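The structure appears right after this line, and notes come after that.
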Amino acid sequence: MKTQSNIIILLFLAVFINPAELFADAVTDLADMQKRWATVNYTKNSKTNRKIFKQLIKDSIKLAELYTDSAEINVWTGIINSSYAGVASGLSGLSYAKDAKVYFEKAIKINGDVLSGSAYTSLGILYSKVPGWPIGFGDEDKALELLQKGLAINPDGIDSNYFYADYLYEQKQYKEARTFLEKALQAPVRPTRPNADKGRKEDIKKLLAEIVDELD
């Protein structure tokens with residue numbers, strides 16, 4: 001009886017909910033995810049901050065389950081998981097990285113070009129940062145392939161250039177990395193994402209300073 005009731009509810013939703021309204025809700029939810037991520041990601045790591053991060057992960061997963069065919073929502077659920085993987089410890093961090101990988105791959109399957117190739121770029125840096133076999137799925141060659149795809153889709157973007165530069169830096173290609181970081185600083189401003197732009201520029205300047213130290 002309960003199953004039958006659930007089917008009736010789903011049929012009701014399918015008939016009476018306007019798809020345009022669902023799309024509008026998805027856009028609003030996506031903007032909220034981006035703002036919350038920018039706030040928590042660029043806040044000093046602490047127990048309170050990690051708690052907020054975990055709640056954001058839970059909320060993003062719910063949205064990914066609600067908007068299953070949204071490449072945008074899947075990309076951002078992946079970004080949130082992968083960002084937390086960077087502050088989580090040990091195997092816990094690897095678990096979040098693996099979850100992020102699933103969301104990025106799903107987004108690419110739906111629409112790889114979505115959000116200016118962010119899925120390729122984000123998955124690429126994940127392959128670059130995660131340990132390789134037998135601990136994790138890290139793969140430098142795969143990372144390079146994905147980062148280059150993201151850069152090809154968005155050659156002037158702040159994130160695509162920054163993460164490609166970060167990869168080059170890890171490969172000790174300091175001069176090449178500096179070129180892409182300087183290009184990232186010249187990226188067009190994103191009016192709807194001021195906090196993210198501000199935080200990323202701080203990342204860029206920090207990495208540029210490290211490169212200067214290496215080249216001196």
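If you're wondering about the labels, chains in the structure tokens are A, B, ... by order shown, residues count from 1 in each chain, ligands from 1 in order shown.
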Residues near region 80-93 of chain A, cut-off 12 Å, only C-alpha atoms, skip fewer than 4 positions along chain, as a CSV table (one decimal) with N, CA and C atoms, in the first residue's frame:
chain,number,residue,atom,x,y,z
A,30,LEU,N,21.8,26.0,-7.0
A,30,LEU,CA,23.2,25.9,-7.5
A,30,LEU,C,24.0,27.2,-7.0
A,33,MET,N,24.8,26.9,-3.3
A,33,MET,CA,25.9,25.9,-3.1
A,33,MET,C,27.2,26.7,-3.4
A,34,GLN,N,27.3,27.4,-4.4
A,34,GLN,CA,28.5,28.1,-4.8
A,34,GLN,C,28.9,29.1,-3.7
A,35,LYS,N,27.9,29.9,-3.2
A,35,LYS,CA,28.2,30.9,-2.2
A,35,LYS,C,28.7,30.2,-0.9
A,36,ARG,N,28.0,29.2,-0.5
A,36,ARG,CA,28.3,28.5,0.7
A,36,ARG,C,29.7,27.9,0.6
A,37,TRP,N,30.0,27.3,-0.5
A,37,TRP,CA,31.3,26.7,-0.7
A,37,TRP,C,32.4,27.7,-0.6
A,38,ALA,N,32.2,28.9,-1.3
A,38,ALA,CA,33.2,29.9,-1.3
A,38,ALA,C,33.5,30.4,0.1
A,39,THR,N,32.5,30.5,0.9
A,39,THR,CA,32.6,31.0,2.3
A,39,THR,C,33.4,30.0,3.2
A,40,VAL,N,33.0,28.7,3.1
A,40,VAL,CA,33.6,27.7,3.9
A,40,VAL,C,35.0,27.3,3.4
A,41,ASN,N,35.2,27.3,2.1
A,41,ASN,CA,36.4,26.8,1.5
A,41,ASN,C,37.6,27.8,1.8
A,42,TYR,N,37.2,29.1,1.9
A,42,TYR,CA,38.3,30.1,2.2
A,42,TYR,C,38.3,30.6,3.6
A,43,THR,N,37.7,29.8,4.5
A,43,THR,CA,37.8,30.1,5.9
A,43,THR,C,38.8,29.2,6.6
A,44,LYS,N,39.5,29.7,7.6
A,44,LYS,CA,40.5,28.9,8.2
A,44,LYS,C,39.9,27.6,8.7
A,45,ASN,N,40.7,26.5,8.5
A,45,ASN,CA,40.2,25.2,8.9
A,45,ASN,C,40.1,25.1,10.4
A,46,SER,N,39.0,24.6,10.9
A,46,SER,CA,38.7,24.5,12.3
A,46,SER,C,37.6,23.4,12.5
A,47,LYS,N,37.4,23.0,13.7
A,47,LYS,CA,36.4,22.0,14.0
A,47,LYS,C,35.0,22.5,13.6
A,49,ASN,N,34.4,24.8,11.3
A,49,ASN,CA,34.4,24.9,9.9
A,49,ASN,C,34.2,23.6,9.2
A,50,ARG,N,34.8,22.5,9.7
A,50,ARG,CA,34.6,21.2,9.2
A,50,ARG,C,33.2,20.7,9.3
A,51,LYS,N,32.5,21.1,10.4
A,51,LYS,CA,31.1,20.8,10.7
A,51,LYS,C,30.2,21.4,9.6
A,52,ILE,N,30.5,22.7,9.3
A,52,ILE,CA,29.8,23.4,8.3
A,52,ILE,C,30.0,22.8,7.0
A,53,PHE,N,31.2,22.4,6.7
A,53,PHE,CA,31.6,21.7,5.4
A,53,PHE,C,30.8,20.4,5.3
A,54,LYS,N,30.7,19.6,6.3
A,54,LYS,CA,30.0,18.3,6.2
A,54,LYS,C,28.5,18.5,6.0
A,55,GLN,N,28.0,19.6,6.6
A,55,GLN,CA,26.6,19.9,6.3
A,55,GLN,C,26.3,20.3,4.9
A,56,LEU,N,27.3,21.0,4.3
A,56,LEU,CA,27.2,21.4,2.9
A,56,LEU,C,27.3,20.2,2.0
A,57,ILE,N,28.1,19.2,2.4
A,57,ILE,CA,28.2,18.0,1.6
A,57,ILE,C,26.9,17.3,1.6
A,58,LYS,N,26.3,17.1,2.8
A,58,LYS,CA,25.0,16.5,2.9
A,58,LYS,C,23.9,17.1,2.1
A,59,ASP,N,23.9,18.5,2.1
A,59,ASP,CA,22.9,19.2,1.3
A,59,ASP,C,23.1,19.1,-0.2
A,60,SER,N,24.4,19.1,-0.6
A,60,SER,CA,24.7,19.0,-2.0
A,60,SER,C,24.3,17.6,-2.5
A,61,ILE,N,24.5,16.6,-1.7
A,61,ILE,CA,24.1,15.2,-2.1
A,61,ILE,C,22.6,15.1,-2.3
A,64,ALA,N,21.9,16.6,-5.6
A,64,ALA,CA,22.3,15.7,-6.7
A,64,ALA,C,21.3,14.6,-6.9
A,73,ILE,N,24.8,20.6,-11.1
A,73,ILE,CA,24.6,20.1,-9.7
A,73,ILE,C,25.7,19.0,-9.4
A,74,ASN,N,25.8,18.1,-10.3
A,74,ASN,CA,26.8,17.0,-10.1
A,74,ASN,C,28.2,17.6,-10.0
A,75,VAL,N,28.5,18.5,-10.8
A,75,VAL,CA,29.9,19.1,-10.8
A,75,VAL,C,30.1,19.7,-9.4
A,76,TRP,N,29.1,20.5,-8.9
A,76,TRP,CA,29.3,21.2,-7.7
A,76,TRP,C,29.3,20.3,-6.4
A,97,ALA,N,37.2,12.0,-1.7
A,97,ALA,CA,37.8,12.1,-3.1
A,97,ALA,C,37.2,11.1,-4.0
A,98,LYS,N,37.0,9.9,-3.6
A,98,LYS,CA,36.3,8.9,-4.4
A,98,LYS,C,34.9,9.3,-4.8
A,99,ASP,N,34.2,9.8,-3.8
A,99,ASP,CA,32.8,10.3,-4.0
A,99,ASP,C,32.8,11.4,-5.0
A,100,ALA,N,33.8,12.3,-4.9
A,100,ALA,CA,33.8,13.4,-5.8
A,100,ALA,C,34.1,12.9,-7.2
A,101,LYS,N,34.9,11.9,-7.4
A,101,LYS,CA,35.2,11.4,-8.7
A,101,LYS,C,34.0,10.9,-9.4
A,102,VAL,N,33.1,10.2,-8.6
A,102,VAL,CA,31.8,9.7,-9.1
A,102,VAL,C,31.0,10.8,-9.7
A,103,TYR,N,30.9,11.9,-8.9
A,103,TYR,CA,30.0,13.0,-9.4
A,103,TYR,C,30.6,13.7,-10.6
A,104,PHE,N,31.9,13.9,-10.6
A,104,PHE,CA,32.5,14.5,-11.8
A,104,PHE,C,32.3,13.6,-13.1
A,119,ALA,N,34.1,20.2,-14.9
A,119,ALA,CA,34.2,18.8,-14.5
A,119,ALA,C,35.5,18.2,-14.9
A,122,SER,N,38.3,19.8,-12.6
A,122,SER,CA,38.2,19.4,-11.2
A,122,SER,C,38.6,17.9,-11.1
A,123,LEU,N,38.2,17.1,-12.0
A,123,LEU,CA,38.6,15.7,-12.0
A,123,LEU,C,40.1,15.5,-12.2
A,124,GLY,N,40.6,16.4,-13.1
A,124,GLY,CA,42.0,16.3,-13.4
A,124,GLY,C,42.9,16.6,-12.2
A,125,ILE,N,42.5,17.7,-11.4
A,125,ILE,CA,43.3,18.0,-10.2
A,125,ILE,C,43.1,16.9,-9.2
A,126,LEU,N,42.0,16.3,-9.2
A,126,LEU,CA,41.8,15.2,-8.2
A,126,LEU,C,42.7,14.0,-8.5
A,127,TYR,N,42.8,13.7,-9.8
A,127,TYR,CA,43.8,12.6,-10.2
A,127,TYR,C,45.2,13.0,-9.9
A,129,LYS,N,46.2,15.0,-7.2
A,129,LYS,CA,46.4,15.1,-5.8
A,129,LYS,C,46.3,13.8,-5.0
A,130,VAL,N,45.4,12.9,-5.5
A,130,VAL,CA,45.1,11.6,-4.8
A,130,VAL,C,46.3,10.6,-5.0
A,131,PRO,N,46.7,9.9,-4.0
A,131,PRO,CA,47.8,8.9,-4.1
A,131,PRO,C,47.4,7.9,-5.2
A,135,ILE,N,46.9,2.6,-3.0
A,135,ILE,CA,46.1,3.3,-2.0
A,135,ILE,C,44.9,4.0,-2.7
A,136,GLY,N,45.2,4.7,-3.7
A,136,GLY,CA,44.1,5.5,-4.4
A,136,GLY,C,44.1,5.4,-5.9
List every residue of region 126-150 of chain A that has an atom at most 10 Å from any atom of region 162-174 of chain A, and for each one report the closest atom pair and its distance in Å to one decimal, counting only C-alpha atoms, with rows sorted by chain and then by increasing residue number, as CSV.
residue,atom,partner,partner_atom,distance
A:Ser128,CA,A:Tyr167,CA,7.0
A:Lys129,CA,A:Tyr167,CA,8.9
A:Glu140,CA,A:Tyr167,CA,8.8
A:Ala143,CA,A:Tyr167,CA,8.2
A:Leu144,CA,A:Tyr167,CA,7.7
A:Leu146,CA,A:Tyr164,CA,9.7
A:Leu147,CA,A:Tyr164,CA,6.0
A:Gln148,CA,A:Tyr164,CA,7.4
A:Gly150,CA,A:Tyr164,CA,8.9
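Among the candidates A:Arg190, A:Asp139, A:Asp159, A:Ile108, the one nearest to Asp203 (chain A) when counting only C-alpha atoms is A:Asp159.
If you measure from each of A:Asn161, A:Gln186, A:Lys175, A:Gly199 to Asp213 (chain A) using only C-alpha atoms, the closest one turns out to be A:Lys175.
With distances restricted to only C-alpha atoms, A:Leu151 is the closest residue to Asp113 (chain A) from A:Leu151, A:Gly132, A:Leu185, A:Tyr96.
In this model, the gap between CA of Gly78 (chain A) and CA of Asn195 (chain A) comes to 19.3 Å.
With CA of Tyr120 (chain A) on one side and CA of Ala31 (chain A) on the other, the separation reads 20.2 Å.
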Exercise for the section: Can you work out the spacing between CA of Ala196 (chain A) and CA of Phe180 (chain A) in Å, to one decimal? Expected result: 18.4 Å
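You can rank A:Phe137, A:Leu207, A:Asp216, A:Pro155 by their closest distance to Leu94 (chain A) using only C-alpha atoms, and at the top of that list sits A:Phe137.
Excluding Lys205 (chain A) itself and same-chain residues fewer than 4 positions from it, the residues having an atom within 12 Å of it are A:Tyr162, A:Ala165, A:Asp166, A:Arg178, A:Leu181, A:Glu182, A:Lys183, A:Ala184, A:Leu185, A:Lys198, A:Gly199, A:Arg200, A:Lys201, A:Ala209, A:Glu210, A:Ile211, A:Val212, counting only C-alpha atoms.
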Could you save those same residues with N, CA and C atoms as a short mmCIF file (atom, residue, chain, number, x, y, z; two decimals), in the first residue's frame?
data_model
loop_
_atom_site.label_atom_id
_atom_site.label_comp_id
_atom_site.auth_asym_id
_atom_site.auth_seq_id
_atom_site.Cartn_x
_atom_site.Cartn_y
_atom_site.Cartn_z
N TYR A 162 44.62 28.23 -13.28
CA TYR A 162 45.25 28.03 -11.97
C TYR A 162 45.56 26.55 -11.72
N ALA A 165 48.32 25.29 -13.85
CA ALA A 165 49.59 25.78 -13.31
C ALA A 165 50.01 25.00 -12.07
N ASP A 166 49.03 24.67 -11.23
CA ASP A 166 49.32 23.90 -10.03
C ASP A 166 49.90 22.53 -10.39
N ARG A 178 54.27 29.53 -14.00
CA ARG A 178 54.13 30.97 -13.79
C ARG A 178 53.36 31.63 -14.94
N LEU A 181 49.72 30.98 -14.36
CA LEU A 181 49.23 31.72 -13.19
C LEU A 181 49.01 33.19 -13.54
N GLU A 182 49.92 33.76 -14.30
CA GLU A 182 49.77 35.15 -14.72
C GLU A 182 48.55 35.32 -15.61
N LYS A 183 48.29 34.32 -16.43
CA LYS A 183 47.09 34.36 -17.26
C LYS A 183 45.83 34.24 -16.40
N ALA A 184 45.90 33.42 -15.36
CA ALA A 184 44.76 33.25 -14.46
C ALA A 184 44.41 34.57 -13.78
N LEU A 185 45.43 35.36 -13.45
CA LEU A 185 45.18 36.65 -12.80
C LEU A 185 44.47 37.63 -13.73
N LYS A 198 38.06 36.21 -5.27
CA LYS A 198 39.00 36.75 -4.29
C LYS A 198 39.87 35.65 -3.70
N GLY A 199 39.22 34.55 -3.30
CA GLY A 199 39.96 33.43 -2.72
C GLY A 199 40.92 32.79 -3.70
N ARG A 200 40.47 32.64 -4.95
CA ARG A 200 41.34 32.01 -5.95
C ARG A 200 42.54 32.90 -6.26
N LYS A 201 42.35 34.20 -6.30
CA LYS A 201 43.47 35.10 -6.56
C LYS A 201 44.50 35.02 -5.44
N ALA A 209 54.41 33.16 -5.44
CA ALA A 209 55.49 33.42 -4.47
C ALA A 209 56.36 32.18 -4.28
N GLU A 210 55.73 31.00 -4.24
CA GLU A 210 56.50 29.75 -4.10
C GLU A 210 57.36 29.50 -5.33
N ILE A 211 56.83 29.86 -6.51
CA ILE A 211 57.59 29.68 -7.75
C ILE A 211 58.80 30.61 -7.77
N VAL A 212 58.60 31.84 -7.33
CA VAL A 212 59.72 32.80 -7.25
C VAL A 212 60.83 32.24 -6.37
#
Practice task
as a ChimeraX atom specification, list the residues of region 34-77 of chain A assigned to alpha helix (DSSP H) by DSSP on the backbone atoms of this structure.
Solution key: /A:34-41,47-66,71-77
Same residues, N, CA and C atoms, output as a tab-separated table (two decimals), in the first residue's frame:
chain	number	residue	atom	x	y	z
A	34	GLN	N	27.27	27.41	-4.44
A	34	GLN	CA	28.51	28.10	-4.79
A	34	GLN	C	28.91	29.11	-3.72
A	35	LYS	N	27.94	29.87	-3.24
A	35	LYS	CA	28.22	30.89	-2.22
A	35	LYS	C	28.65	30.24	-0.92
A	36	ARG	N	27.96	29.19	-0.51
A	36	ARG	CA	28.31	28.52	0.73
A	36	ARG	C	29.69	27.89	0.63
A	37	TRP	N	30.00	27.30	-0.52
A	37	TRP	CA	31.31	26.69	-0.71
A	37	TRP	C	32.41	27.75	-0.62
A	38	ALA	N	32.23	28.88	-1.29
A	38	ALA	CA	33.25	29.93	-1.28
A	38	ALA	C	33.52	30.41	0.14
A	39	THR	N	32.46	30.52	0.94
A	39	THR	CA	32.61	30.97	2.33
A	39	THR	C	33.38	29.96	3.16
A	40	VAL	N	32.97	28.71	3.09
A	40	VAL	CA	33.60	27.69	3.94
A	40	VAL	C	34.98	27.28	3.43
A	41	ASN	N	35.17	27.29	2.12
A	41	ASN	CA	36.43	26.84	1.55
A	41	ASN	C	37.57	27.82	1.83
A	47	LYS	N	37.43	22.97	13.72
A	47	LYS	CA	36.40	21.97	13.99
A	47	LYS	C	35.02	22.49	13.56
A	48	THR	N	34.75	23.76	13.86
A	48	THR	CA	33.47	24.36	13.47
A	48	THR	C	33.34	24.43	11.97
A	49	ASN	N	34.42	24.82	11.30
A	49	ASN	CA	34.40	24.93	9.85
A	49	ASN	C	34.17	23.57	9.19
A	50	ARG	N	34.79	22.53	9.72
A	50	ARG	CA	34.61	21.19	9.17
A	50	ARG	C	33.16	20.72	9.34
A	51	LYS	N	32.54	21.12	10.45
A	51	LYS	CA	31.15	20.76	10.69
A	51	LYS	C	30.25	21.42	9.65
A	52	ILE	N	30.52	22.68	9.35
A	52	ILE	CA	29.75	23.40	8.33
A	52	ILE	C	29.97	22.76	6.96
A	53	PHE	N	31.22	22.37	6.69
A	53	PHE	CA	31.57	21.73	5.43
A	53	PHE	C	30.79	20.42	5.26
A	54	LYS	N	30.74	19.63	6.32
A	54	LYS	CA	30.04	18.35	6.25
A	54	LYS	C	28.55	18.54	5.99
A	55	GLN	N	27.97	19.58	6.57
A	55	GLN	CA	26.56	19.86	6.33
A	55	GLN	C	26.34	20.26	4.88
A	56	LEU	N	27.28	21.03	4.33
A	56	LEU	CA	27.18	21.42	2.93
A	56	LEU	C	27.26	20.19	2.03
A	57	ILE	N	28.12	19.24	2.38
A	57	ILE	CA	28.21	18.00	1.61
A	57	ILE	C	26.87	17.26	1.62
A	58	LYS	N	26.27	17.14	2.79
A	58	LYS	CA	24.97	16.46	2.90
A	58	LYS	C	23.92	17.15	2.05
A	59	ASP	N	23.90	18.47	2.11
A	59	ASP	CA	22.91	19.23	1.35
A	59	ASP	C	23.13	19.09	-0.16
A	60	SER	N	24.39	19.08	-0.55
A	60	SER	CA	24.70	18.96	-1.98
A	60	SER	C	24.32	17.59	-2.52
A	61	ILE	N	24.51	16.56	-1.70
A	61	ILE	CA	24.14	15.20	-2.12
A	61	ILE	C	22.63	15.10	-2.30
A	62	LYS	N	21.89	15.73	-1.42
A	62	LYS	CA	20.42	15.74	-1.55
A	62	LYS	C	20.00	16.40	-2.86
A	63	LEU	N	20.69	17.49	-3.20
A	63	LEU	CA	20.37	18.18	-4.45
A	63	LEU	C	20.73	17.31	-5.65
A	64	ALA	N	21.85	16.61	-5.57
A	64	ALA	CA	22.26	15.73	-6.67
A	64	ALA	C	21.25	14.60	-6.85
A	65	GLU	N	20.66	14.15	-5.76
A	65	GLU	CA	19.62	13.11	-5.84
A	65	GLU	C	18.32	13.68	-6.40
A	66	LEU	N	18.06	14.96	-6.11
A	66	LEU	CA	16.84	15.60	-6.60
A	66	LEU	C	16.96	15.95	-8.08
A	71	ALA	N	23.99	18.29	-14.85
A	71	ALA	CA	25.45	18.21	-14.86
A	71	ALA	C	26.04	19.25	-13.91
A	72	GLU	N	25.41	20.43	-13.86
A	72	GLU	CA	25.90	21.50	-13.00
A	72	GLU	C	25.89	21.11	-11.52
A	73	ILE	N	24.77	20.55	-11.08
A	73	ILE	CA	24.65	20.14	-9.67
A	73	ILE	C	25.65	19.04	-9.36
A	74	ASN	N	25.83	18.10	-10.29
A	74	ASN	CA	26.79	17.02	-10.07
A	74	ASN	C	28.22	17.55	-9.99
A	75	VAL	N	28.55	18.53	-10.84
A	75	VAL	CA	29.89	19.13	-10.77
A	75	VAL	C	30.12	19.74	-9.39
A	76	TRP	N	29.13	20.50	-8.92
A	76	TRP	CA	29.34	21.19	-7.66
A	76	TRP	C	29.30	20.26	-6.45
A	77	THR	N	28.54	19.19	-6.54
A	77	THR	CA	28.58	18.19	-5.47
A	77	THR	C	29.97	17.56	-5.43
